[in-house]
>>> print(open('protein-v2.tsv').read())   # TSV, C-alpha atoms
chain	number	residue	atom	x	y	z
A	1	MET	CA	-65.35	127.05	1.18
A	2	SER	CA	-66.08	125.19	-2.02
A	3	THR	CA	-62.48	125.15	-3.27
A	4	TYR	CA	-60.61	122.08	-2.07
A	5	PRO	CA	-57.56	123.51	-0.23
A	6	PHE	CA	-55.03	120.68	-0.58
A	7	GLN	CA	-53.14	118.92	-3.34
A	8	PHE	CA	-53.64	115.63	-1.46
A	9	GLU	CA	-56.78	113.82	-0.44
A	10	ILE	CA	-58.45	114.10	2.96
A	11	GLU	CA	-61.52	111.94	3.46
A	12	GLU	CA	-61.66	111.50	7.24
A	13	PRO	CA	-60.41	113.27	10.38
A	14	THR	CA	-56.73	113.98	9.72
A	15	LEU	CA	-54.16	115.51	12.05
A	16	LEU	CA	-52.38	118.10	9.92
A	17	LEU	CA	-48.85	118.97	11.02
A	18	ASP	CA	-47.01	122.15	10.09
A	19	LYS	CA	-43.44	120.86	10.17
A	20	GLN	CA	-41.90	124.31	9.92
A	21	LYS	CA	-43.68	125.50	13.08
A	22	CYS	CA	-42.86	122.26	14.89
A	23	VAL	CA	-39.16	122.45	14.08
A	24	GLN	CA	-39.05	126.10	15.09
A	25	ASN	CA	-40.59	125.19	18.47
A	26	ILE	CA	-37.91	122.53	18.92
A	27	LYS	CA	-35.14	124.90	17.89
A	28	GLN	CA	-36.32	127.56	20.34
A	29	LEU	CA	-36.17	125.28	23.41
A	30	VAL	CA	-32.89	123.69	22.34
A	31	GLY	CA	-31.45	127.20	22.20
A	32	LYS	CA	-32.70	128.02	25.69
A	33	ALA	CA	-31.19	124.85	27.13
A	34	LYS	CA	-27.85	125.53	25.47
A	35	LYS	CA	-27.87	129.11	26.69
A	36	SER	CA	-28.40	127.87	30.26
A	37	ASN	CA	-25.85	125.08	29.79
A	38	ILE	CA	-28.26	122.36	30.91
A	39	ASN	CA	-29.43	119.11	29.39
A	40	LEU	CA	-32.65	118.94	27.37
A	41	ARG	CA	-34.42	115.60	27.80
A	42	PRO	CA	-37.64	116.32	25.88
A	43	HIS	CA	-40.80	114.45	26.77
A	44	PHE	CA	-41.92	112.44	23.76
A	45	LYS	CA	-45.40	111.62	25.09
A	46	THR	CA	-46.80	114.48	23.02
A	47	HIS	CA	-45.70	113.44	19.53
A	48	GLN	CA	-44.88	109.71	20.04
A	49	SER	CA	-43.23	109.55	16.61
A	50	HIS	CA	-39.92	108.14	15.39
A	51	GLU	CA	-39.70	110.71	12.62
A	52	ILE	CA	-40.40	113.70	14.84
A	53	GLY	CA	-37.83	112.27	17.25
A	54	THR	CA	-35.24	112.55	14.48
A	55	TRP	CA	-35.96	116.28	14.24
A	56	PHE	CA	-34.68	116.55	17.81
A	57	LYS	CA	-31.59	114.50	16.93
A	58	GLU	CA	-30.77	117.01	14.21
A	59	TYR	CA	-30.32	119.58	16.99
A	60	GLY	CA	-28.03	117.33	19.00
A	61	ILE	CA	-30.57	115.84	21.43
A	62	THR	CA	-29.47	112.36	22.53
A	63	CYS	CA	-31.84	111.48	25.39
A	64	CYS	CA	-35.58	111.61	25.95
A	65	THR	CA	-38.41	111.23	28.42
A	66	VAL	CA	-41.48	109.02	27.93
A	67	SER	CA	-44.60	108.25	29.93
A	68	SER	CA	-44.69	104.46	29.66
A	69	LEU	CA	-42.41	101.47	29.22
A	70	ARG	CA	-44.26	100.66	26.01
A	71	MET	CA	-43.27	104.09	24.70
A	72	ALA	CA	-39.71	103.53	25.88
A	73	GLN	CA	-39.60	100.29	23.88
A	74	TYR	CA	-40.88	102.11	20.79
A	75	PHE	CA	-38.19	104.79	20.92
A	76	SER	CA	-35.42	102.36	21.85
A	77	GLU	CA	-36.12	100.63	18.54
A	78	ASP	CA	-35.16	103.87	16.79
A	79	GLY	CA	-31.80	104.24	18.51
A	80	TRP	CA	-32.72	106.19	21.64
A	81	ASN	CA	-30.56	104.57	24.33
A	82	ASP	CA	-30.93	107.01	27.23
A	83	ILE	CA	-34.57	107.14	28.33
A	84	THR	CA	-36.35	108.25	31.49
A	85	VAL	CA	-39.84	106.89	32.15
A	86	ALA	CA	-41.46	109.81	33.97
A	87	PHE	CA	-44.36	107.86	35.40
A	88	PRO	CA	-44.52	106.14	38.81
A	89	LEU	CA	-42.87	102.72	38.74
A	90	ASN	CA	-45.22	99.81	38.01
A	91	TYR	CA	-43.22	96.79	39.23
A	92	LEU	CA	-45.73	94.45	37.51
A	93	GLU	CA	-43.89	95.32	34.28
A	94	ALA	CA	-40.61	93.86	35.53
A	95	ASP	CA	-40.13	91.71	32.43
A	96	ARG	CA	-40.41	94.72	30.15
A	97	ILE	CA	-38.06	96.66	32.42
A	98	ASN	CA	-35.47	93.87	32.14
A	99	THR	CA	-35.78	93.77	28.36
A	100	LEU	CA	-35.17	97.50	28.08
A	101	ALA	CA	-32.47	97.73	30.78
A	102	SER	CA	-30.49	95.00	29.01
A	103	LYS	CA	-30.13	97.29	25.98
A	104	ILE	CA	-30.31	100.93	27.05
A	105	ASN	CA	-29.67	103.32	29.91
A	106	LEU	CA	-33.10	103.22	31.56
A	107	ASN	CA	-34.22	105.56	34.34
A	108	LEU	CA	-37.32	104.80	36.40
A	109	LEU	CA	-39.41	107.02	38.65
A	110	VAL	CA	-40.23	106.14	42.25
A	111	SER	CA	-43.00	108.15	43.91
A	112	VAL	CA	-43.74	106.15	47.08
A	113	PRO	CA	-41.86	103.73	49.33
A	114	GLY	CA	-42.44	100.00	49.03
A	115	VAL	CA	-42.33	99.34	45.28
A	116	LEU	CA	-38.59	98.86	44.75
A	117	PRO	CA	-38.26	95.71	46.93
A	118	LYS	CA	-40.98	94.13	44.80
A	119	LEU	CA	-39.17	95.09	41.60
A	120	LEU	CA	-35.92	93.60	42.92
A	121	LYS	CA	-37.51	90.15	43.05
A	122	LYS	CA	-37.28	90.06	39.25
A	123	LEU	CA	-34.77	92.77	38.28
A	124	LYS	CA	-31.73	91.47	36.35
A	125	TYR	CA	-30.08	94.63	34.98
A	126	GLN	CA	-29.08	97.97	36.44
A	127	VAL	CA	-31.56	100.84	36.24
A	128	GLY	CA	-31.33	104.46	37.32
A	129	ILE	CA	-33.83	105.71	39.87
A	130	PHE	CA	-35.20	109.22	40.09
A	131	MET	CA	-37.15	110.06	43.24
A	132	GLU	CA	-40.23	112.07	42.32
A	133	ILE	CA	-40.77	115.08	44.56
A	134	ASP	CA	-44.12	116.84	44.94
A	135	THR	CA	-43.23	120.53	44.68
A	136	GLY	CA	-46.84	121.77	44.72
A	137	TYR	CA	-48.76	120.02	41.94
A	138	HIS	CA	-50.06	117.35	44.37
A	139	ARG	CA	-50.51	114.61	41.78
A	140	THR	CA	-47.74	112.18	42.65
A	141	GLY	CA	-44.41	112.37	44.41
A	142	VAL	CA	-42.94	112.42	47.88
A	143	ASP	CA	-43.61	115.40	50.13
A	144	PRO	CA	-40.19	117.09	50.34
A	145	THR	CA	-40.62	117.48	54.12
A	146	ASP	CA	-41.35	113.77	54.64
A	147	ASP	CA	-37.91	112.62	55.78
A	148	VAL	CA	-39.20	109.16	56.68
A	149	ALA	CA	-40.49	108.45	53.16
A	150	LEU	CA	-37.42	109.96	51.49
A	151	GLU	CA	-34.97	107.95	53.55
A	152	CYS	CA	-37.04	104.79	53.24
A	153	ILE	CA	-36.78	104.98	49.43
A	154	MET	CA	-33.04	105.66	49.69
A	155	GLU	CA	-32.64	102.59	51.89
A	156	GLU	CA	-34.56	100.54	49.33
A	157	ILE	CA	-32.22	101.77	46.57
A	158	ALA	CA	-29.25	100.69	48.71
A	159	LEU	CA	-30.58	97.12	48.81
A	160	SER	CA	-29.07	96.25	45.42
A	161	PRO	CA	-26.23	97.37	43.14
A	162	LEU	CA	-28.79	97.10	40.33
A	163	LEU	CA	-30.42	100.30	41.61
A	164	LYS	CA	-28.64	103.62	41.22
A	165	LEU	CA	-30.01	106.85	42.66
A	166	GLU	CA	-29.79	109.41	39.84
A	167	GLY	CA	-31.41	112.33	41.61
A	168	PHE	CA	-34.67	114.19	42.21
A	169	LEU	CA	-37.36	114.81	39.60
A	170	SER	CA	-40.47	116.99	39.70
A	171	HIS	CA	-43.25	118.27	37.47
A	172	ALA	CA	-44.74	121.68	38.29
A	173	GLY	CA	-48.03	120.95	36.56
A	174	HIS	CA	-49.77	123.63	38.61
A	175	THR	CA	-48.27	126.25	36.28
A	176	TYR	CA	-51.17	125.32	33.96
A	177	ASN	CA	-53.50	127.11	36.39
A	178	TYR	CA	-51.90	130.51	35.78
A	179	SER	CA	-51.52	132.92	32.87
A	180	SER	CA	-49.16	135.41	34.48
A	181	LYS	CA	-45.47	135.08	33.69
A	182	SER	CA	-44.61	136.24	37.21
A	183	ASP	CA	-46.82	133.56	38.77
A	184	VAL	CA	-45.28	130.84	36.60
A	185	GLU	CA	-41.79	132.11	37.42
A	186	ASP	CA	-42.61	132.03	41.15
A	187	ILE	CA	-43.72	128.39	40.89
A	188	HIS	CA	-40.58	127.51	38.95
A	189	LEU	CA	-38.28	129.21	41.45
A	190	GLU	CA	-40.01	127.49	44.37
A	191	GLU	CA	-39.62	124.13	42.60
A	192	VAL	CA	-35.90	124.77	42.10
A	193	ARG	CA	-35.51	125.89	45.71
A	194	ILE	CA	-37.15	122.72	47.05
A	195	LEU	CA	-35.08	120.41	44.87
A	196	ASN	CA	-31.82	122.13	45.74
A	197	GLY	CA	-32.68	121.92	49.40
A	198	LEU	CA	-32.96	118.15	49.08
A	199	LYS	CA	-29.77	117.94	47.05
A	200	ASP	CA	-27.86	119.90	49.70
A	201	LYS	CA	-29.31	117.72	52.44
A	202	TYR	CA	-28.19	114.44	50.90
A	203	LYS	CA	-25.18	115.40	48.77
A	204	SER	CA	-22.59	114.16	51.30
A	205	LYS	CA	-24.00	110.64	51.07
A	206	TYR	CA	-25.06	110.84	47.42
A	207	PRO	CA	-22.71	113.16	45.50
A	208	GLY	CA	-23.64	114.06	41.94
A	209	LEU	CA	-27.42	114.01	42.36
A	210	LYS	CA	-29.19	115.40	39.28
A	211	LEU	CA	-32.20	117.70	39.40
A	212	SER	CA	-34.75	117.22	36.62
A	213	ILE	CA	-37.73	119.49	35.97
A	214	GLY	CA	-40.11	120.11	33.11
A	215	ASP	CA	-43.42	121.83	32.35
A	216	THR	CA	-44.22	123.65	29.14
A	217	PRO	CA	-45.42	126.97	30.66
A	218	SER	CA	-42.16	127.43	32.60
A	219	VAL	CA	-39.81	126.48	29.78
A	220	SER	CA	-41.78	128.64	27.34
A	221	MET	CA	-42.14	131.80	29.40
A	222	MET	CA	-38.67	131.84	30.91
A	223	ASP	CA	-35.45	132.42	29.02
A	224	HIS	CA	-32.83	131.19	31.46
A	225	PHE	CA	-32.63	128.29	33.89
A	226	SER	CA	-30.21	127.80	36.75
A	227	GLY	CA	-29.97	125.42	39.68
A	228	VAL	CA	-31.14	122.36	37.74
A	229	ASP	CA	-29.51	119.83	35.45
A	230	GLU	CA	-32.18	119.07	32.85
A	231	LEU	CA	-35.49	120.13	31.32
A	232	ARG	CA	-38.17	117.60	30.34
A	233	ALA	CA	-41.06	119.56	28.77
A	234	GLY	CA	-43.07	117.93	25.96
A	235	ASN	CA	-46.17	119.88	24.89
A	236	PHE	CA	-44.04	122.69	23.42
A	237	VAL	CA	-43.37	120.61	20.31
A	238	PHE	CA	-46.93	121.29	19.07
A	239	TYR	CA	-48.47	123.67	21.63
A	240	ASP	CA	-52.28	124.08	21.69
A	241	LEU	CA	-55.10	126.44	22.65
A	242	THR	CA	-54.57	125.87	26.35
A	243	GLN	CA	-50.94	126.91	26.08
A	244	SER	CA	-51.85	130.00	24.05
A	245	ILE	CA	-54.32	131.11	26.73
A	246	ILE	CA	-51.76	130.49	29.49
A	247	GLY	CA	-49.29	132.59	27.53
A	248	SER	CA	-46.81	129.86	26.70
A	249	CYS	CA	-47.11	130.43	22.96
A	250	SER	CA	-48.72	132.54	20.28
A	251	LEU	CA	-51.44	131.13	18.06
A	252	ASP	CA	-49.01	130.91	15.16
A	253	GLN	CA	-46.79	128.55	17.15
A	254	ILE	CA	-49.52	125.89	17.34
A	255	ALA	CA	-48.22	123.27	14.92
A	256	ILE	CA	-51.19	120.91	14.53
A	257	ALA	CA	-54.83	121.20	13.48
A	258	LEU	CA	-57.37	118.40	13.19
A	259	VAL	CA	-58.93	118.64	9.72
A	260	CYS	CA	-62.51	117.33	9.67
A	261	PRO	CA	-65.01	116.86	6.83
A	262	VAL	CA	-68.34	118.65	7.16
A	263	VAL	CA	-71.18	116.11	6.96
A	264	ALA	CA	-74.28	118.23	7.69
A	265	THR	CA	-75.41	121.80	8.35
A	266	TYR	CA	-78.43	123.02	10.32
A	267	PRO	CA	-78.85	126.79	9.78
A	268	GLU	CA	-81.91	127.00	11.99
A	269	ARG	CA	-79.84	125.64	14.92
A	270	LYS	CA	-76.68	127.54	13.95
A	271	GLU	CA	-74.85	124.19	13.91
A	272	ILE	CA	-72.41	122.46	11.58
A	273	ILE	CA	-71.75	118.75	12.04
A	274	ILE	CA	-68.25	117.47	11.35
A	275	TYR	CA	-66.78	113.99	11.16
A	276	GLY	CA	-64.58	114.36	14.22
A	277	GLY	CA	-65.60	113.48	17.76
A	278	GLY	CA	-64.29	112.54	21.17
A	279	VAL	CA	-62.31	109.61	19.79
A	280	HIS	CA	-60.34	112.07	17.67
A	281	PHE	CA	-60.05	115.17	19.87
A	282	SER	CA	-60.38	113.74	23.39
A	283	LYS	CA	-62.88	115.67	25.50
A	284	ASP	CA	-60.68	118.37	26.98
A	285	SER	CA	-62.44	121.72	26.93
A	286	LEU	CA	-62.08	125.42	27.73
A	287	LYS	CA	-64.59	128.10	28.69
A	288	ASN	CA	-65.25	130.93	26.23
A	289	GLU	CA	-65.70	134.50	27.45
A	290	ASP	CA	-69.50	134.01	27.46
A	291	ASP	CA	-69.05	130.86	29.63
A	292	SER	CA	-69.93	128.50	26.76
A	293	THR	CA	-67.80	125.37	26.43
A	294	SER	CA	-65.32	124.96	23.58
A	295	TYR	CA	-63.67	121.72	22.49
A	296	GLY	CA	-61.59	123.48	19.85
A	297	ALA	CA	-61.35	126.66	17.78
A	298	VAL	CA	-62.32	126.43	14.10
A	299	VAL	CA	-59.91	127.64	11.45
A	300	ARG	CA	-60.36	127.87	7.70
A	301	MET	CA	-58.00	125.78	5.61
A	302	ASN	CA	-55.88	126.93	2.69
A	303	SER	CA	-53.02	125.54	0.60
A	304	ASN	CA	-50.52	126.80	3.19
A	305	GLY	CA	-52.26	125.13	6.12
A	306	TRP	CA	-54.75	127.13	8.15
A	307	GLU	CA	-55.69	130.77	8.47
A	308	LEU	CA	-55.20	132.81	11.65
A	309	PRO	CA	-56.75	134.15	13.73
A	310	PRO	CA	-59.36	131.42	14.23
A	311	THR	CA	-62.92	132.09	13.16
A	312	LYS	CA	-65.63	132.80	15.73
A	313	MET	CA	-66.86	129.24	15.18
A	314	PHE	CA	-65.99	126.64	17.81
A	315	VAL	CA	-66.73	123.00	18.59
A	316	LYS	CA	-69.52	123.17	21.17
A	317	ALA	CA	-70.15	119.45	21.72
A	318	LEU	CA	-68.61	116.06	21.01
A	319	SER	CA	-69.91	112.53	20.91
A	320	GLN	CA	-67.95	109.51	19.74
A	321	GLU	CA	-67.62	110.39	16.03
A	322	HIS	CA	-69.68	113.60	15.82
A	323	GLY	CA	-68.48	117.13	16.42
A	324	ILE	CA	-71.02	119.95	16.67
A	325	ILE	CA	-69.76	123.39	15.67
A	326	HIS	CA	-71.50	126.58	16.73
A	327	ALA	CA	-71.59	128.95	13.75
A	328	SER	CA	-73.30	132.12	12.61
A	329	GLU	CA	-75.89	132.10	9.84
A	330	GLU	CA	-73.37	133.76	7.52
A	331	ASP	CA	-70.75	131.06	8.20
A	332	ILE	CA	-73.23	128.24	7.69
A	333	ASN	CA	-74.42	129.68	4.36
A	334	ASN	CA	-70.81	129.48	3.08
A	335	ILE	CA	-70.18	125.92	4.26
A	336	LYS	CA	-71.61	122.71	2.86
A	337	PRO	CA	-71.15	118.95	3.33
A	338	GLY	CA	-67.85	117.85	1.83
A	339	ASP	CA	-65.99	120.99	2.85
A	340	LEU	CA	-63.07	120.72	5.25
A	341	LEU	CA	-62.71	122.65	8.50
A	342	GLY	CA	-59.71	122.70	10.79
A	343	VAL	CA	-59.86	122.66	14.57
A	344	LEU	CA	-57.02	123.83	16.81
A	345	PRO	CA	-56.94	121.35	19.72
A	346	ILE	CA	-57.48	122.22	23.35
A	347	HIS	CA	-54.80	119.71	24.41
A	348	SER	CA	-52.41	118.58	21.69
A	349	CYS	CA	-51.01	115.64	23.70
A	350	LEU	CA	-54.38	113.89	23.93
A	351	THR	CA	-55.45	114.76	20.38
A	352	ALA	CA	-52.16	113.39	19.02
A	353	ASP	CA	-52.51	110.28	21.16
A	354	ALA	CA	-56.01	109.67	19.80
A	355	MET	CA	-54.91	109.90	16.16
A	356	GLY	CA	-52.89	107.21	14.43
A	357	SER	CA	-50.59	109.45	12.40
A	358	TYR	CA	-49.88	112.95	11.12
A	359	VAL	CA	-50.00	114.40	7.62
A	360	THR	CA	-47.68	117.30	6.77
A	361	LEU	CA	-48.70	120.28	4.67
A	362	LYS	CA	-46.99	118.52	1.75
A	363	GLY	CA	-49.16	115.44	2.18
A	364	GLU	CA	-46.44	113.27	3.75
A	365	ARG	CA	-47.75	110.80	6.32
A	366	ILE	CA	-45.80	110.53	9.59
A	367	SER	CA	-46.48	107.48	11.70
A	368	LYS	CA	-46.52	107.32	15.48
A	369	LEU	CA	-46.82	104.78	18.26
A	370	ALA	CA	-50.16	103.06	17.86
A	371	SER	CA	-52.66	103.63	20.66
A	372	SER	CA	-52.90	100.62	22.96
>>> encode(input="protein-v2.tsv", output="structure tokens")
Amino acid sequence: MSTYPFQFEIEEPTLLLDKQKCVQNIKQLVGKAKKSNINLRPHFKTHQSHEIGTWFKEYGITCCTVSSLRMAQYFSEDGWNDITVAFPLNYLEADRINTLASKINLNLLVSVPGVLPKLLKKLKYQVGIFMEIDTGYHRTGVDPTDDVALECIMEEIALSPLLKLEGFLSHAGHTYNYSSKSDVEDIHLEEVRILNGLKDKYKSKYPGLKLSIGDTPSVSMMDHFSGVDELRAGNFVFYDLTQSIIGSCSLDQIAIALVCPVVATYPERKEIIIYGGGVHFSKDSLKNEDDSTSYGAVVRMNSNGWELPPTKMFVKALSQEHGIIHASEEDINNIKPGDLLGVLPIHSCLTADAMGSYVTLKGERISKLASS
């Protein structure tokens, strides 16, 4: 481990990005969407980067999904003019909504009745409205059998010509609880069935309703999509350990690793201390086969990125800046302070959000939306 693996300097926790893997992940989902003849509206909450957004544009993508109005503002500044905010409407941000809607095609998400009349008190420009439907994840969204709530929201949309019902949107996040392709496919098909039932029910009054879905396990495991109009997945751009365990990707599709300097070793405790803690990784975790907790799998670094498969070392604990790696005596004897270790993240979205930028394997820095 004594040989420095890069031609560029790393002094602190650095999110290393393998551009080739990332672009291949993009290309793969673009191909699936084209094959199914549906729109791809990728979720940019994972990478939150202008430059990575341009990699999507190179494959003909012209619209995107974000998780906040602040993120929508960031991407609108880089020419994205068709954006869906896939987070329940916060009418307190009416001023920001007006600023964006005056410049771009902005779609908002409504998950409960009662918020649109409050937005209308300040709304000045037309916005599209997607009604969020709970198809089984039970996080947010209207119960598809709740006719009263559904029709109440539709009546609220009819209050003003500034509101246009675009269609129904859902997120089958419960696919993350399964690792069987057949189970994930069953969830996807049930989601599509529910949404089409609603579309059929209301199509006479609202022709042209769009159906929008998106979760990384479904779009990764399945090859063809029918009965919907667009896909909105986001995590696929980088993938992570969670997705590899689910079966959404192989380990060699994971496109980021957090590179951390070693600052101390304790052979008697079988522990290596790295500069890299909860503020860098987040505190998402997985259970190992022996029921121990892992906050990331350790990989050895080389001039081409990182070696696979991961080592048997793993991050066993995190505090704010510290990461504690469990390691064998043999591993510890070959590692010393000043060496660099890579960690494949449990959840790439949160790790990317925690870090201020990416560095490619060539040492190029890629900026992203600054954390608020």
>>> axis_aligned_box(input="protein-v2.tsv", around="range 308-327 of chain A", padding_each_side="8 Å", output="lines of an AutoDock Vina configuration file")
center_x = -63.4
center_y = 121.8
center_z = 16.7
size_x = 32.4
size_y = 40.6
size_z = 26.1
>>> closest_atom_pairs(input="protein-v2.tsv", of="range 42-138 of chain A", to="range 170-190 of chain A", cutoff="7 Å", atoms="only C-alpha atoms", output="Markdown table")
| residue | atom | partner | partner_atom | distance |
| --- | --- | --- | --- | --- |
| A:Glu132 | CA | A:Ser170 | CA | 5.6 |
| A:Ile133 | CA | A:Ser170 | CA | 5.2 |
| A:Asp134 | CA | A:Ser170 | CA | 6.4 |
| A:Thr135 | CA | A:Ala172 | CA | 6.7 |
| A:Gly136 | CA | A:Ala172 | CA | 6.8 |
| A:Tyr137 | CA | A:His174 | CA | 5.0 |
>>> write_last_selection(input="protein-v2.tsv", atoms="C-alpha atoms", output="short mmCIF file (atom, residue, chain, number, x, y, z; two decimals), in the coordinates of the input")
data_model
loop_
_atom_site.label_atom_id
_atom_site.label_comp_id
_atom_site.auth_asym_id
_atom_site.auth_seq_id
_atom_site.Cartn_x
_atom_site.Cartn_y
_atom_site.Cartn_z
CA GLU A 132 -40.23 112.07 42.32
CA ILE A 133 -40.77 115.08 44.56
CA ASP A 134 -44.12 116.84 44.94
CA THR A 135 -43.23 120.53 44.68
CA GLY A 136 -46.84 121.77 44.72
CA TYR A 137 -48.76 120.02 41.94
#
>>> closest_residue(input="protein-v2.tsv", among="A:Val359, A:Val110, A:Ala370, A:Ile52", to="Gly305 in chain A", atoms="only C-alpha atoms")
A:Val359
>>> residues_around(input="protein-v2.tsv", residues="Phe8 in chain A", least_positions_apart="3", cutoff="9 Å", atoms="only C-alpha atoms", output="PDB file with C-alpha atoms, in the coordinates of the input")
ATOM      1  CA  PRO A   5     -57.560 123.510  -0.230  1.00  0.00           C
ATOM      2  CA  LYS A 362     -46.990 118.520   1.750  1.00  0.00           C
ATOM      3  CA  GLY A 363     -49.160 115.440   2.180  1.00  0.00           C
TER       4      GLY A 363
END
>>> closest_atom_pairs(input="protein-v2.tsv", of="range 180-274 of chain A", to="range 282-288 of chain A", cutoff="10 Å", atoms="only C-alpha atoms", output="tab-separated table")
residue	atom	partner	partner_atom	distance
A:Leu241	CA	A:Leu286	CA	8.7
A:Thr242	CA	A:Leu286	CA	7.6
A:Ile245	CA	A:Leu286	CA	9.7
>>> closest_atom_pairs(input="protein-v2.tsv", of="range 174-226 of chain A", to="range 18-35 of chain A", cutoff="9 Å", atoms="all atoms listed in the file", output="Markdown table")
| residue | atom | partner | partner_atom | distance |
| --- | --- | --- | --- | --- |
| A:Val219 | CA | A:Leu29 | CA | 7.4 |
| A:Ser220 | CA | A:Leu29 | CA | 7.6 |
| A:Met222 | CA | A:Lys32 | CA | 8.8 |
| A:Asp223 | CA | A:Lys32 | CA | 6.2 |
| A:His224 | CA | A:Lys32 | CA | 6.6 |
| A:Phe225 | CA | A:Ala33 | CA | 7.7 |
>>> closest_atom_pairs(input="protein-v2.tsv", of="range 174-271 of chain A", to="range 114-130 of chain A", cutoff="12 Å", atoms="all atoms listed in the file", output="JSON lines")
{"residue": "A:Leu209", "atom": "CA", "partner": "A:Phe130", "partner_atom": "CA", "distance": 9.4}
{"residue": "A:Lys210", "atom": "CA", "partner": "A:Phe130", "partner_atom": "CA", "distance": 8.7}
{"residue": "A:Leu211", "atom": "CA", "partner": "A:Phe130", "partner_atom": "CA", "distance": 9.0}
{"residue": "A:Ser212", "atom": "CA", "partner": "A:Phe130", "partner_atom": "CA", "distance": 8.7}
{"residue": "A:Ile213", "atom": "CA", "partner": "A:Phe130", "partner_atom": "CA", "distance": 11.4}
>>> closest_residue(input="protein-v2.tsv", among="A:Ser36, A:Gln243, A:Ser49, A:Asn90", to="Gly227 in chain A", atoms="all atoms listed in the file")
A:Ser36
>>> atom_distance(input="protein-v2.tsv", atom1="CA of Pro261 in chain A", atom2="CA of Asp291 in chain A")
27.1 Å
>>> residues_near_point(input="protein-v2.tsv", point="(-69.4, 126.1, 8.2)", cutoff="8 Å", atoms="only C-alpha atoms", output="list in words")
Val262, Thr265, Ile272, Ile325, Ala327, Asp331, Ile332, Asn333, Asn334, Ile335, Lys336 and Leu341 of chain A
>>> atom_distance(input="protein-v2.tsv", atom1="CA of Glu93 in chain A", atom2="CA of Ala72 in chain A")
12.5 Å
>>> closest_residue(input="protein-v2.tsv", among="A:Asn107, A:Asn39, A:Asn81, A:Gln48", to="Ala352 in chain A", atoms="all atoms listed in the file")
A:Gln48
